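Q: Structure file input_31.tsv, TSV, C-alpha atoms and all ligand atoms, is pasted below:
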chain	number	residue	atom	x	y	z
A	1	MET	CA	-178.20	137.77	226.76
A	2	THR	CA	-176.38	139.66	229.52
A	3	LYS	CA	-177.24	136.87	231.96
A	4	GLN	CA	-175.49	134.32	229.72
A	5	TRP	CA	-172.32	136.44	229.62
A	6	ILE	CA	-172.28	136.95	233.39
A	7	GLU	CA	-172.61	133.20	233.89
A	8	PHE	CA	-169.79	132.74	231.34
A	9	ALA	CA	-167.58	135.15	233.30
A	10	HIS	CA	-168.43	133.40	236.55
A	11	ASN	CA	-167.33	130.03	235.17
A	12	ILE	CA	-163.97	131.44	234.01
A	13	LYS	CA	-163.30	133.00	237.41
A	14	GLN	CA	-164.14	129.68	239.02
A	15	LEU	CA	-161.74	127.79	236.74
A	16	TYR	CA	-158.84	130.12	237.55
A	17	GLY	CA	-159.92	130.62	241.18
A	18	LYS	CA	-159.58	134.40	240.85
A	19	GLU	CA	-161.85	137.43	240.97
A	20	PHE	CA	-159.82	139.10	238.21
A	21	VAL	CA	-158.55	136.84	235.43
A	22	PRO	CA	-155.72	138.25	233.26
A	23	LEU	CA	-155.52	137.53	229.54
A	24	HIS	CA	-152.26	135.64	229.74
A	25	GLU	CA	-149.67	135.05	232.44
A	26	PRO	CA	-146.41	133.11	232.34
A	27	THR	CA	-146.04	129.97	234.47
A	28	PHE	CA	-142.81	129.33	236.38
A	29	ASN	CA	-141.56	126.82	238.94
A	30	GLU	CA	-138.25	125.77	240.58
A	31	LYS	CA	-136.59	125.04	237.22
A	32	GLU	CA	-136.56	128.70	236.18
A	33	VAL	CA	-135.26	129.70	239.61
A	34	GLU	CA	-132.52	127.07	239.41
A	35	TYR	CA	-131.24	128.04	235.93
A	36	VAL	CA	-131.47	131.80	236.46
A	37	THR	CA	-129.76	131.50	239.85
A	38	ASP	CA	-127.00	129.56	238.13
A	39	CYS	CA	-126.42	132.54	235.79
A	40	ILE	CA	-126.23	134.96	238.71
A	41	GLU	CA	-123.95	132.76	240.81
A	42	THR	CA	-121.53	132.10	237.96
A	43	GLY	CA	-121.67	135.69	236.72
A	44	TRP	CA	-122.67	134.59	233.20
A	45	VAL	CA	-125.71	136.84	232.81
A	46	SER	CA	-125.00	138.68	229.59
A	47	SER	CA	-124.49	138.04	225.91
A	48	VAL	CA	-122.15	135.06	226.25
A	49	GLY	CA	-122.87	131.86	228.13
A	50	ALA	CA	-123.79	128.21	227.91
A	51	TYR	CA	-127.56	128.68	228.17
A	52	VAL	CA	-127.72	130.61	224.87
A	53	THR	CA	-126.21	127.70	222.94
A	54	ARG	CA	-128.31	125.18	224.83
A	55	PHE	CA	-131.49	127.16	224.19
A	56	GLU	CA	-130.71	127.45	220.49
A	57	GLU	CA	-130.07	123.71	220.22
A	58	ASP	CA	-133.13	122.68	222.26
A	59	LEU	CA	-135.40	125.02	220.30
A	60	ALA	CA	-134.11	123.85	216.90
A	61	LYS	CA	-134.68	120.26	217.97
A	62	PHE	CA	-138.20	120.95	219.22
A	63	VAL	CA	-139.25	122.69	216.02
A	64	GLY	CA	-137.34	120.40	213.68
A	65	VAL	CA	-134.99	122.83	211.98
A	66	LYS	CA	-131.22	122.69	211.59
A	67	ARG	CA	-130.54	126.02	213.29
A	68	ALA	CA	-132.04	128.57	215.67
A	69	VAL	CA	-130.41	131.92	216.42
A	70	ALA	CA	-131.58	133.45	219.71
A	71	VAL	CA	-132.14	137.22	219.73
A	72	VAL	CA	-133.45	139.99	222.04
A	73	ASN	CA	-137.06	139.95	220.85
A	74	GLY	CA	-139.40	138.81	218.12
A	75	THR	CA	-139.28	142.11	216.29
A	76	ALA	CA	-135.49	141.83	215.99
A	77	SER	CA	-135.88	138.27	214.69
A	78	LEU	CA	-138.21	139.50	211.93
A	79	HIS	CA	-135.87	142.38	211.10
A	80	ILE	CA	-132.86	140.09	210.70
A	81	ALA	CA	-134.85	137.35	208.91
A	82	LEU	CA	-136.00	139.85	206.28
A	83	LYS	CA	-132.56	141.39	205.89
A	84	ALA	CA	-130.94	137.97	205.58
A	85	VAL	CA	-133.21	136.87	202.72
A	86	GLY	CA	-132.32	140.03	200.81
A	87	VAL	CA	-135.12	142.54	201.45
A	88	GLU	CA	-133.84	145.95	200.39
A	89	ALA	CA	-135.04	149.55	200.41
A	90	GLN	CA	-138.12	150.09	198.18
A	91	ASP	CA	-138.92	146.37	197.94
A	92	GLU	CA	-142.49	145.36	198.70
A	93	VAL	CA	-143.20	142.64	201.24
A	94	LEU	CA	-146.61	140.96	201.22
A	95	MET	CA	-148.13	140.44	204.67
A	96	PRO	CA	-151.52	140.34	206.35
A	97	SER	CA	-152.93	143.64	207.54
A	98	LEU	CA	-154.31	141.63	210.44
A	99	THR	CA	-151.13	141.22	212.46
A	100	PHE	CA	-149.18	142.65	215.36
A	101	ILE	CA	-147.33	145.87	214.49
A	102	ALA	CA	-143.91	144.15	214.59
A	103	THR	CA	-144.44	142.44	211.22
A	104	ALA	CA	-144.90	145.77	209.44
A	105	ASN	CA	-142.29	147.63	211.48
A	106	ALA	CA	-139.57	145.08	210.68
A	107	VAL	CA	-140.15	145.72	206.97
A	108	SER	CA	-139.98	149.48	207.55
A	109	TYR	CA	-136.65	149.19	209.39
A	110	LEU	CA	-135.19	148.05	206.04
A	111	GLN	CA	-136.80	151.00	204.20
A	112	ALA	CA	-138.95	148.44	202.42
A	113	VAL	CA	-142.73	148.73	201.96
A	114	PRO	CA	-145.39	146.52	203.58
A	115	HIS	CA	-148.03	145.43	201.07
A	116	PHE	CA	-151.17	144.31	202.86
A	117	VAL	CA	-153.22	141.26	201.88
A	118	ASP	CA	-156.45	139.82	203.23
A	119	VAL	CA	-157.01	136.82	205.49
A	120	ASN	CA	-159.66	134.09	205.53
A	121	GLU	CA	-162.04	133.22	208.36
A	122	GLU	CA	-160.97	129.57	208.49
A	123	THR	CA	-157.41	130.35	209.59
A	124	LEU	CA	-157.35	134.10	210.45
A	125	GLY	CA	-154.23	134.03	208.26
A	126	VAL	CA	-153.38	135.00	204.66
A	127	ASP	CA	-156.02	133.84	202.17
A	128	PRO	CA	-154.13	132.00	199.39
A	129	VAL	CA	-157.03	132.05	196.92
A	130	LYS	CA	-157.50	135.79	197.19
A	131	LEU	CA	-153.73	136.36	197.11
A	132	GLU	CA	-153.29	134.38	193.90
A	133	GLN	CA	-156.14	136.22	192.15
A	134	TYR	CA	-154.66	139.51	193.27
A	135	LEU	CA	-151.15	138.71	192.02
A	136	VAL	CA	-152.55	137.77	188.61
A	137	GLN	CA	-154.09	141.25	188.52
A	138	ILE	CA	-151.30	143.48	189.83
A	139	GLY	CA	-148.19	141.34	189.35
A	140	GLU	CA	-145.87	140.98	186.40
A	141	MET	CA	-142.84	138.72	186.03
A	142	ARG	CA	-139.85	140.61	184.68
A	143	GLY	CA	-136.78	138.45	184.15
A	144	GLY	CA	-137.94	135.93	186.75
A	145	VAL	CA	-138.69	138.62	189.32
A	146	LEU	CA	-142.19	139.60	190.46
A	147	PHE	CA	-143.03	143.28	190.09
A	148	ASN	CA	-146.03	145.29	191.20
A	149	LYS	CA	-147.26	146.83	187.92
A	150	GLN	CA	-148.93	149.67	189.81
A	151	THR	CA	-145.88	150.83	191.78
A	152	ASN	CA	-143.07	149.42	189.64
A	153	ARG	CA	-141.49	147.99	192.76
A	154	ARG	CA	-140.14	144.48	193.22
A	155	ILE	CA	-142.31	142.17	195.35
A	156	ILE	CA	-139.66	140.14	197.10
A	157	ALA	CA	-141.28	138.23	199.95
A	158	LEU	CA	-144.44	136.96	201.65
A	159	VAL	CA	-144.69	136.96	205.44
A	160	PRO	CA	-147.69	134.91	206.58
A	161	MET	CA	-148.46	135.05	210.30
A	162	HIS	CA	-150.07	132.19	212.24
A	163	THR	CA	-152.67	134.15	214.17
A	164	PHE	CA	-153.10	133.16	217.84
A	165	GLY	CA	-151.30	129.90	217.01
A	166	HIS	CA	-153.58	128.76	214.17
A	167	PRO	CA	-151.50	127.70	211.16
A	168	CYS	CA	-152.09	129.28	207.74
A	169	MET	CA	-152.83	127.22	204.60
A	170	MET	CA	-149.18	126.47	203.99
A	171	ASP	CA	-149.35	124.12	200.96
A	172	GLU	CA	-151.12	126.82	198.97
A	173	LEU	CA	-148.90	129.65	200.19
A	174	VAL	CA	-145.72	127.68	199.48
A	175	ALA	CA	-147.01	126.99	195.94
A	176	ILE	CA	-147.69	130.69	195.33
A	177	CYS	CA	-144.19	131.62	196.53
A	178	GLU	CA	-142.64	129.03	194.21
A	179	LYS	CA	-144.73	130.11	191.24
A	180	TYR	CA	-143.92	133.82	191.62
A	181	HIS	CA	-140.34	133.41	192.88
A	182	ILE	CA	-140.99	135.15	196.16
A	183	VAL	CA	-139.26	134.29	199.41
A	184	LEU	CA	-141.37	132.82	202.19
A	185	VAL	CA	-140.58	134.19	205.66
A	186	GLU	CA	-142.93	133.00	208.39
A	187	ASP	CA	-143.91	135.17	211.32
A	188	ALA	CA	-144.25	132.24	213.72
A	189	ALA	CA	-144.14	134.48	216.80
A	190	GLU	CA	-147.43	133.07	218.07
A	191	SER	CA	-147.23	129.50	216.87
A	192	LEU	CA	-144.52	127.64	218.77
A	193	GLY	CA	-146.03	124.17	219.17
A	194	SER	CA	-148.43	124.48	216.21
A	195	TYR	CA	-148.34	122.07	213.28
A	196	TYR	CA	-149.60	122.06	209.71
A	197	LYS	CA	-150.03	118.53	208.32
A	198	GLY	CA	-147.75	117.26	211.07
A	199	LYS	CA	-144.96	119.72	210.27
A	200	HIS	CA	-144.10	122.48	212.74
A	201	THR	CA	-144.93	126.06	211.75
A	202	GLY	CA	-141.75	127.96	211.04
A	203	THR	CA	-140.30	125.08	208.98
A	204	PHE	CA	-141.96	126.12	205.71
A	205	GLY	CA	-140.22	129.45	205.23
A	206	LYS	CA	-136.65	129.98	204.12
A	207	VAL	CA	-136.35	131.74	207.48
A	208	SER	CA	-138.88	132.10	210.30
A	209	ALA	CA	-139.24	134.39	213.28
A	210	MET	CA	-140.35	133.51	216.81
A	211	SER	CA	-141.03	135.55	219.95
A	212	PHE	CA	-140.64	134.69	223.62
A	213	ASN	CA	-142.16	137.85	225.02
A	214	GLY	CA	-143.81	137.58	228.45
A	215	ASN	CA	-147.26	136.96	226.99
A	216	LYS	CA	-146.33	134.22	224.50
A	217	ILE	CA	-146.83	130.47	225.02
A	218	MET	CA	-143.38	130.33	226.59
A	219	THR	CA	-141.18	133.22	227.62
A	220	THR	CA	-137.57	134.26	228.07
A	221	GLY	CA	-138.69	137.58	229.63
A	222	GLY	CA	-138.07	139.24	226.31
A	223	GLY	CA	-136.64	137.30	223.42
A	224	GLY	CA	-136.95	135.85	219.98
A	225	ALA	CA	-135.35	133.40	217.59
A	226	ILE	CA	-134.69	133.09	213.89
A	227	LEU	CA	-135.09	129.59	212.47
A	228	THR	CA	-133.68	128.11	209.28
A	229	ASP	CA	-132.40	124.91	207.68
A	230	ASP	CA	-129.74	126.89	205.83
A	231	GLU	CA	-126.48	126.66	207.82
A	232	GLU	CA	-124.80	129.44	205.90
A	233	LEU	CA	-127.71	131.79	206.41
A	234	ALA	CA	-127.82	130.89	210.12
A	235	ASN	CA	-124.14	131.73	210.50
A	236	TYR	CA	-124.69	135.03	208.74
A	237	MET	CA	-127.67	135.90	210.96
A	238	LYS	CA	-125.68	135.02	214.06
A	239	HIS	CA	-122.91	137.29	212.81
A	240	LEU	CA	-125.32	140.17	212.07
A	241	THR	CA	-126.92	139.90	215.52
A	242	THR	CA	-123.50	139.94	217.20
A	243	THR	CA	-122.54	143.42	215.86
A	244	ALA	CA	-120.96	141.72	212.82
A	245	LYS	CA	-117.80	141.23	214.85
A	246	VAL	CA	-115.12	139.10	213.26
A	247	PRO	CA	-114.03	136.60	215.95
A	248	HIS	CA	-110.59	137.47	217.33
A	249	LYS	CA	-108.92	137.13	220.73
A	250	TRP	CA	-108.49	140.88	221.25
A	251	GLU	CA	-109.04	142.84	218.05
A	252	PHE	CA	-112.29	144.75	217.38
A	253	VAL	CA	-113.02	144.26	213.71
A	254	HIS	CA	-116.58	144.49	212.40
A	255	ASP	CA	-117.08	143.75	208.72
A	256	GLU	CA	-120.46	145.47	208.21
A	257	ILE	CA	-123.12	147.42	210.11
A	258	GLY	CA	-124.38	144.81	212.53
A	259	TYR	CA	-126.87	144.78	215.37
A	260	ASN	CA	-126.61	144.21	219.09
A	261	TYR	CA	-129.47	141.73	219.04
A	262	ARG	CA	-128.03	138.73	220.84
A	263	MET	CA	-130.16	137.11	223.58
A	264	PRO	CA	-128.52	137.45	227.03
A	265	ASN	CA	-127.63	134.25	228.88
A	266	ILE	CA	-130.01	135.00	231.77
A	267	ASN	CA	-132.95	135.14	229.35
A	268	ALA	CA	-131.84	131.96	227.64
A	269	ALA	CA	-131.68	130.24	231.04
A	270	LEU	CA	-135.34	131.10	231.58
A	271	GLY	CA	-136.02	129.81	228.07
A	272	CYS	CA	-134.34	126.45	228.70
A	273	ALA	CA	-136.55	125.86	231.74
A	274	GLN	CA	-139.70	126.95	229.86
A	275	LEU	CA	-138.90	124.77	226.87
A	276	GLU	CA	-138.76	121.69	229.13
A	277	LYS	CA	-142.43	122.34	229.98
A	278	LEU	CA	-143.68	123.43	226.57
A	279	ARG	CA	-145.44	120.13	225.83
A	280	ILE	CA	-147.40	120.51	229.07
A	281	PHE	CA	-148.34	124.13	228.27
A	282	ILE	CA	-149.66	123.06	224.86
A	283	GLU	CA	-151.67	120.20	226.36
A	284	GLN	CA	-153.16	122.55	228.93
A	285	LYS	CA	-154.05	125.13	226.29
A	286	ARG	CA	-155.74	122.48	224.19
A	287	SER	CA	-157.81	121.22	227.11
A	288	LEU	CA	-158.73	124.83	227.92
A	289	THR	CA	-160.24	124.92	224.41
A	290	ASN	CA	-162.50	122.00	225.31
A	291	PHE	CA	-163.56	123.83	228.48
A	292	TYR	CA	-164.38	127.01	226.53
A	293	ASP	CA	-166.11	125.03	223.80
A	294	LYS	CA	-168.79	123.83	226.23
A	295	LEU	CA	-169.06	127.26	227.83
A	296	VAL	CA	-169.35	129.23	224.59
A	297	ALA	CA	-172.13	126.87	223.42
A	298	THR	CA	-174.34	128.35	226.17
A	299	ILE	CA	-174.26	131.83	224.62
A	300	ASP	CA	-176.28	132.78	221.55
A	301	GLY	CA	-174.53	134.15	218.48
A	302	VAL	CA	-170.95	133.31	219.49
A	303	ARG	CA	-168.49	130.64	218.46
A	304	LEU	CA	-165.07	129.57	219.60
A	305	MET	CA	-162.18	129.69	217.11
A	306	LYS	CA	-161.03	126.14	216.36
A	307	GLU	CA	-157.87	124.88	214.72
A	308	PRO	CA	-158.17	124.80	210.90
A	309	VAL	CA	-158.37	121.44	209.08
A	310	HIS	CA	-155.06	119.52	208.77
A	311	THR	CA	-153.54	121.47	211.65
A	312	SER	CA	-152.81	121.13	215.33
A	313	SER	CA	-152.84	124.51	217.04
A	314	ASN	CA	-151.07	125.52	220.24
A	315	TYR	CA	-154.18	127.62	221.03
A	316	TRP	CA	-151.91	130.36	222.36
A	317	LEU	CA	-154.78	132.85	222.69
A	318	GLN	CA	-158.35	131.62	222.99
A	319	THR	CA	-160.64	133.45	220.59
A	320	ILE	CA	-164.37	133.98	220.37
A	321	LEU	CA	-166.15	135.25	217.26
A	322	LEU	CA	-169.30	137.32	217.62
A	323	ASP	CA	-172.04	137.31	215.01
A	324	GLU	CA	-173.32	140.54	213.41
A	325	THR	CA	-175.99	141.09	216.09
A	326	TYR	CA	-173.33	142.06	218.62
A	327	LYS	CA	-171.48	145.29	219.20
A	328	ARG	CA	-167.93	144.16	219.98
A	329	ASP	CA	-167.18	146.92	222.48
A	330	GLU	CA	-170.30	146.17	224.52
A	331	VAL	CA	-169.10	142.60	225.03
A	332	LEU	CA	-165.59	143.82	225.87
A	333	GLN	CA	-167.03	146.26	228.40
A	334	LEU	CA	-169.18	143.62	230.02
A	335	LEU	CA	-166.43	140.99	230.29
A	336	ASN	CA	-163.81	143.43	231.57
A	337	ASP	CA	-166.33	144.80	234.12
A	338	GLU	CA	-166.91	141.23	235.29
A	339	GLY	CA	-163.17	140.74	235.92
A	340	ILE	CA	-162.48	138.81	232.71
A	341	MET	CA	-159.64	140.52	230.91
A	342	SER	CA	-160.60	140.50	227.22
A	343	ARG	CA	-159.10	142.19	224.22
A	344	PRO	CA	-160.06	142.98	220.65
A	345	ILE	CA	-157.82	141.91	217.76
A	346	TRP	CA	-155.17	144.43	216.64
A	347	THR	CA	-156.16	147.50	214.68
A	348	PRO	CA	-155.39	146.39	211.11
A	349	MET	CA	-152.11	147.83	209.83
A	350	HIS	CA	-153.71	149.69	206.92
A	351	GLU	CA	-155.77	151.73	209.40
A	352	LEU	CA	-152.72	153.04	211.27
A	353	GLY	CA	-151.42	156.48	210.27
A	354	MET	CA	-147.93	155.42	209.22
A	355	TYR	CA	-149.17	152.52	207.08
A	356	LYS	CA	-152.29	154.10	205.57
A	357	GLY	CA	-150.57	154.87	202.27
A	358	CYS	CA	-149.13	151.38	201.72
A	359	PRO	CA	-150.27	149.25	198.78
A	360	ARG	CA	-153.04	146.81	199.62
A	361	MET	CA	-155.75	144.61	198.18
A	362	ASP	CA	-159.39	144.69	199.21
A	363	LEU	CA	-159.36	143.85	202.94
A	364	MET	CA	-163.00	142.99	203.49
A	365	VAL	CA	-162.45	139.93	205.70
A	366	THR	CA	-159.84	141.73	207.81
A	367	GLU	CA	-162.28	144.57	208.44
A	368	LYS	CA	-165.07	142.12	209.25
A	369	LEU	CA	-162.93	140.13	211.67
A	370	LYS	CA	-161.93	143.31	213.47
A	371	ARG	CA	-165.58	143.71	214.50
A	372	LYS	CA	-165.99	140.06	215.56
A	373	VAL	CA	-162.87	138.84	217.33
A	374	ILE	CA	-162.31	138.87	221.08
A	375	ASN	CA	-159.51	137.16	222.97
A	376	ILE	CA	-160.38	135.73	226.36
A	377	PRO	CA	-158.18	134.51	229.25
A	378	SER	CA	-155.74	131.90	227.98
A	379	THR	CA	-153.15	131.23	230.69
A	380	ALA	CA	-152.12	127.58	230.65
A	381	ILE	CA	-153.91	125.80	233.48
A	382	GLU	CA	-154.80	122.24	234.33
A	383	VAL	CA	-158.48	121.82	233.43
A	384	LYS	CA	-160.41	119.03	235.11
A	385	LEU	CA	-163.35	118.34	232.83
B	1	LIG	C1	-145.25	138.89	219.63
B	1	LIG	C2	-145.22	139.05	218.18
B	1	LIG	C3	-144.06	139.48	217.50
B	1	LIG	C4	-142.77	139.84	218.18
B	1	LIG	O1	-142.94	140.59	219.29
B	1	LIG	P1	-141.79	140.98	220.33
B	1	LIG	O2	-142.58	141.65	221.39
B	1	LIG	O3	-140.86	141.88	219.63
B	1	LIG	O4	-141.12	139.75	220.82
B	1	LIG	C5	-144.11	139.54	216.12
B	1	LIG	N1	-145.20	139.22	215.43
B	1	LIG	C6	-146.33	138.79	216.04
B	1	LIG	C7	-147.49	138.41	215.21
B	1	LIG	C8	-146.38	138.72	217.43
B	1	LIG	O5	-147.51	138.32	218.02
Would you mind writing the structure in this file as structure tokens?
A:
Amino acid sequence: MTKQWIEFAHNIKQLYGKEFVPLHEPTFNEKEVEYVTDCIETGWVSSVGAYVTRFEEDLAKFVGVKRAVAVVNGTASLHIALKAVGVEAQDEVLMPSLTFIATANAVSYLQAVPHFVDVNEETLGVDPVKLEQYLVQIGEMRGGVLFNKQTNRRIIALVPMHTFGHPCMMDELVAICEKYHIVLVEDAAESLGSYYKGKHTGTFGKVSAMSFNGNKIMTTGGGGAILTDDEELANYMKHLTTTAKVPHKWEFVHDEIGYNYRMPNINAALGCAQLEKLRIFIEQKRSLTNFYDKLVATIDGVRLMKEPVHTSSNYWLQTILLDETYKRDEVLQLLNDEGIMSRPIWTPMHELGMYKGCPRMDLMVTEKLKRKVINIPSTAIEVKL
């Protein structure tokens, strides 16, 4: 078995032409240098400038939404998205326990309560069948509003997350949200360039959040965006992320407690250059999947995560799933020792100290996946098969 893994590691190092292969690195060329240099030479590096508007327009067009509001990071985009749809203190927000910490933290910033639900193995995202059964059990409609019978709190929203770029079962999740009058907010931080039934992820929710952190499929250094088809909501979110300042030539009037969350022009410049190459990154990631598919087939008891039915994934992070005969940490040790940077999936939210006491359903699949999932090097590269 060890011999198969060492051969596997060797092939990855050969593909990347490196003795140590990182999990994910950004890819830049002259375009980034040109646009960022332009910011420096003109002095427009900060929170006002032409690249911010251009980035927002280009991004909205790529995804197929009316508006995108660029912000400082993905966490801020989730925070504002949730606030904008009306999440208030003591509300419960349904979300997978299997997610990056930002999803839960954004809810906490509003003094609301994350309510953890399980995922399925097909998508690594929220399981709609299990969710529906659960809501029948614990939910109660009171005057058109869903309440948790056990806590007496309002359940206001569902935040599905498209894990590693693989879209969730959106038809089913949209139907649940309609039936129970809950707001759908997508955490699309990992799924720029991923489609469900031909429709881009992040277009199903009332509002969606994206991230352009350095390790995402494209980067602005640090950054995020909030997407919506609702013009009024977009204007409000823009206002909130600009310290809620009422536009005026010289006067400082702010009409509520806002946030300094606007994306700086220099980051947006990087984003404009990256966005021009996004199609290529996605193509490269998808051909990397074909490369890994052949490679993974040579190892016993392992499979490569593939895009769910009816979807096209950006394959942001390549994922292998170990069967029960493996000890996850032994594989992680071996790969990392061989120069292949590999990572487990996040510690589920309900296992972290600050979220231990939050309401949750049975999280059997989440706990199982935690023992099985490993991410392997995923930097976009041209693969010659
Ligand atoms: C990256 C990411 C975010 C946002 O992260 P930032 O580092 O704040 O940009 C949110 N949710 C998920 C699932 C992510 O992977």
Q: Please check which protein, DNA or RNA residues sit within 10 Å of ligand LIG 1 (chain B), counting all atoms listed in the file, and write them as a ChimeraX atom specification.
A: /A:71-79,96,98-106,160-165,186-191,209-216,219-225,346
Q: Leaving out Leu363 (chain A) and any residue of its chain fewer than 4 positions from it, which residues lie within 10 Å of it when counting only C-alpha atoms, given as JSON, numbers by chain?
A: {"A": [96, 97, 98, 116, 117, 118, 119, 348, 350, 367, 368]}
Q: List every protein, DNA or RNA residue with an atom no more than 9 Å from (-138.4, 125.7, 230.4) in the file's coordinates, counting all atoms listed in the file, and format the result as a ChimeraX atom specification.
A: /A:28,31-32,218-220,269-278
Q: Just checking: using all atoms listed in the file, which residue out of A:Leu94, A:Leu288, A:Leu110, A:Val373 ends up closest to Tyr326 (chain A)?
A: A:Val373
Q: Quick one: of A:Asp127, A:Asp300, A:Asp91, A:Asp293, who's nearest to Asn152 (chain A), counting all atoms listed in the file?
A: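 Closest to Asn152 (chain A), using all atoms listed in the file: A:Asp91.
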Q: State, in Å with one decimal place, the distance from CA of Ile376 (chain A) to CA of Val21 (chain A).
A: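 Distance reported for this atom pair: 9.3 Å.
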Q: List the spatial neighbours of Gln4 (chain A) as a PyMOL selection string - criterion: any atom at most 10 Å away, only C-alpha atoms, same-chain residues fewer than 4 positions off excluded.
A: chain A and resi 8-10+295-296+298-300
Q: What gap, in Å, lies between CA of Met361 (chain A) and CA of Val126 (chain A)?
A: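 Taking CA of Met361 (chain A) as the start and CA of Val126 (chain A) as the end point, the length is 11.8 Å.
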Q: By how many Å are CA of Gly49 (chain A) and CA of Tyr261 (chain A) apart?
A: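 Value for the CA of Gly49 (chain A)-CA of Tyr261 (chain A) distance: 15.0 Å.
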Q: Please produce region 234-248 of chain A, completed to N, CA, C and O atoms, as a JSON list (two decimals), in the frame of the given file.
A:
[["chain", "number", "residue", "atom", "x", "y", "z"],
["A", 234, "ALA", "N", -127.80, 130.84, 208.64],
["A", 234, "ALA", "CA", -127.82, 130.89, 210.12],
["A", 234, "ALA", "C", -126.54, 131.53, 210.64],
["A", 234, "ALA", "O", -126.59, 132.39, 211.53],
["A", 235, "ASN", "N", -125.42, 131.15, 210.07],
["A", 235, "ASN", "CA", -124.14, 131.73, 210.50],
["A", 235, "ASN", "C", -124.11, 133.24, 210.23],
["A", 235, "ASN", "O", -123.64, 134.01, 211.05],
["A", 236, "TYR", "N", -124.66, 133.61, 209.08],
["A", 236, "TYR", "CA", -124.69, 135.03, 208.74],
["A", 236, "TYR", "C", -125.59, 135.81, 209.72],
["A", 236, "TYR", "O", -125.24, 136.90, 210.18],
["A", 237, "MET", "N", -126.73, 135.22, 210.05],
["A", 237, "MET", "CA", -127.67, 135.90, 210.96],
["A", 237, "MET", "C", -127.08, 136.01, 212.36],
["A", 237, "MET", "O", -127.26, 137.02, 213.04],
["A", 238, "LYS", "N", -126.37, 134.99, 212.77],
["A", 238, "LYS", "CA", -125.68, 135.02, 214.06],
["A", 238, "LYS", "C", -124.64, 136.16, 214.07],
["A", 238, "LYS", "O", -124.53, 136.91, 215.03],
["A", 239, "HIS", "N", -123.92, 136.26, 212.97],
["A", 239, "HIS", "CA", -122.91, 137.29, 212.81],
["A", 239, "HIS", "C", -123.54, 138.68, 212.87],
["A", 239, "HIS", "O", -123.09, 139.56, 213.61],
["A", 240, "LEU", "N", -124.62, 138.87, 212.11],
["A", 240, "LEU", "CA", -125.32, 140.17, 212.07],
["A", 240, "LEU", "C", -125.84, 140.58, 213.44],
["A", 240, "LEU", "O", -125.82, 141.76, 213.80],
["A", 241, "THR", "N", -126.33, 139.60, 214.21],
["A", 241, "THR", "CA", -126.92, 139.90, 215.52],
["A", 241, "THR", "C", -125.86, 140.04, 216.61],
["A", 241, "THR", "O", -126.18, 140.30, 217.76],
["A", 242, "THR", "N", -124.61, 139.83, 216.24],
["A", 242, "THR", "CA", -123.50, 139.94, 217.20],
["A", 242, "THR", "C", -122.59, 141.09, 216.76],
["A", 242, "THR", "O", -121.38, 140.97, 216.74],
["A", 243, "THR", "N", -123.21, 142.19, 216.34],
["A", 243, "THR", "CA", -122.54, 143.42, 215.86],
["A", 243, "THR", "C", -121.60, 143.17, 214.68],
["A", 243, "THR", "O", -120.70, 143.97, 214.42],
["A", 244, "ALA", "N", -121.80, 142.07, 213.97],
["A", 244, "ALA", "CA", -120.96, 141.72, 212.82],
["A", 244, "ALA", "C", -119.47, 141.74, 213.19],
["A", 244, "ALA", "O", -118.62, 142.17, 212.40],
["A", 245, "LYS", "N", -119.18, 141.25, 214.39],
["A", 245, "LYS", "CA", -117.80, 141.23, 214.85],
["A", 245, "LYS", "C", -117.09, 139.98, 214.33],
["A", 245, "LYS", "O", -117.61, 138.87, 214.42],
["A", 246, "VAL", "N", -115.93, 140.21, 213.75],
["A", 246, "VAL", "CA", -115.12, 139.10, 213.26],
["A", 246, "VAL", "C", -114.39, 138.49, 214.48],
["A", 246, "VAL", "O", -113.70, 139.22, 215.18],
["A", 247, "PRO", "N", -114.61, 137.19, 214.74],
["A", 247, "PRO", "CA", -114.03, 136.60, 215.95],
["A", 247, "PRO", "C", -112.50, 136.78, 216.01],
["A", 247, "PRO", "O", -111.80, 136.53, 215.03],
["A", 248, "HIS", "N", -112.01, 137.28, 217.13],
["A", 248, "HIS", "CA", -110.59, 137.47, 217.33],
["A", 248, "HIS", "C", -110.36, 137.60, 218.83],
["A", 248, "HIS", "O", -111.21, 138.12, 219.55]]
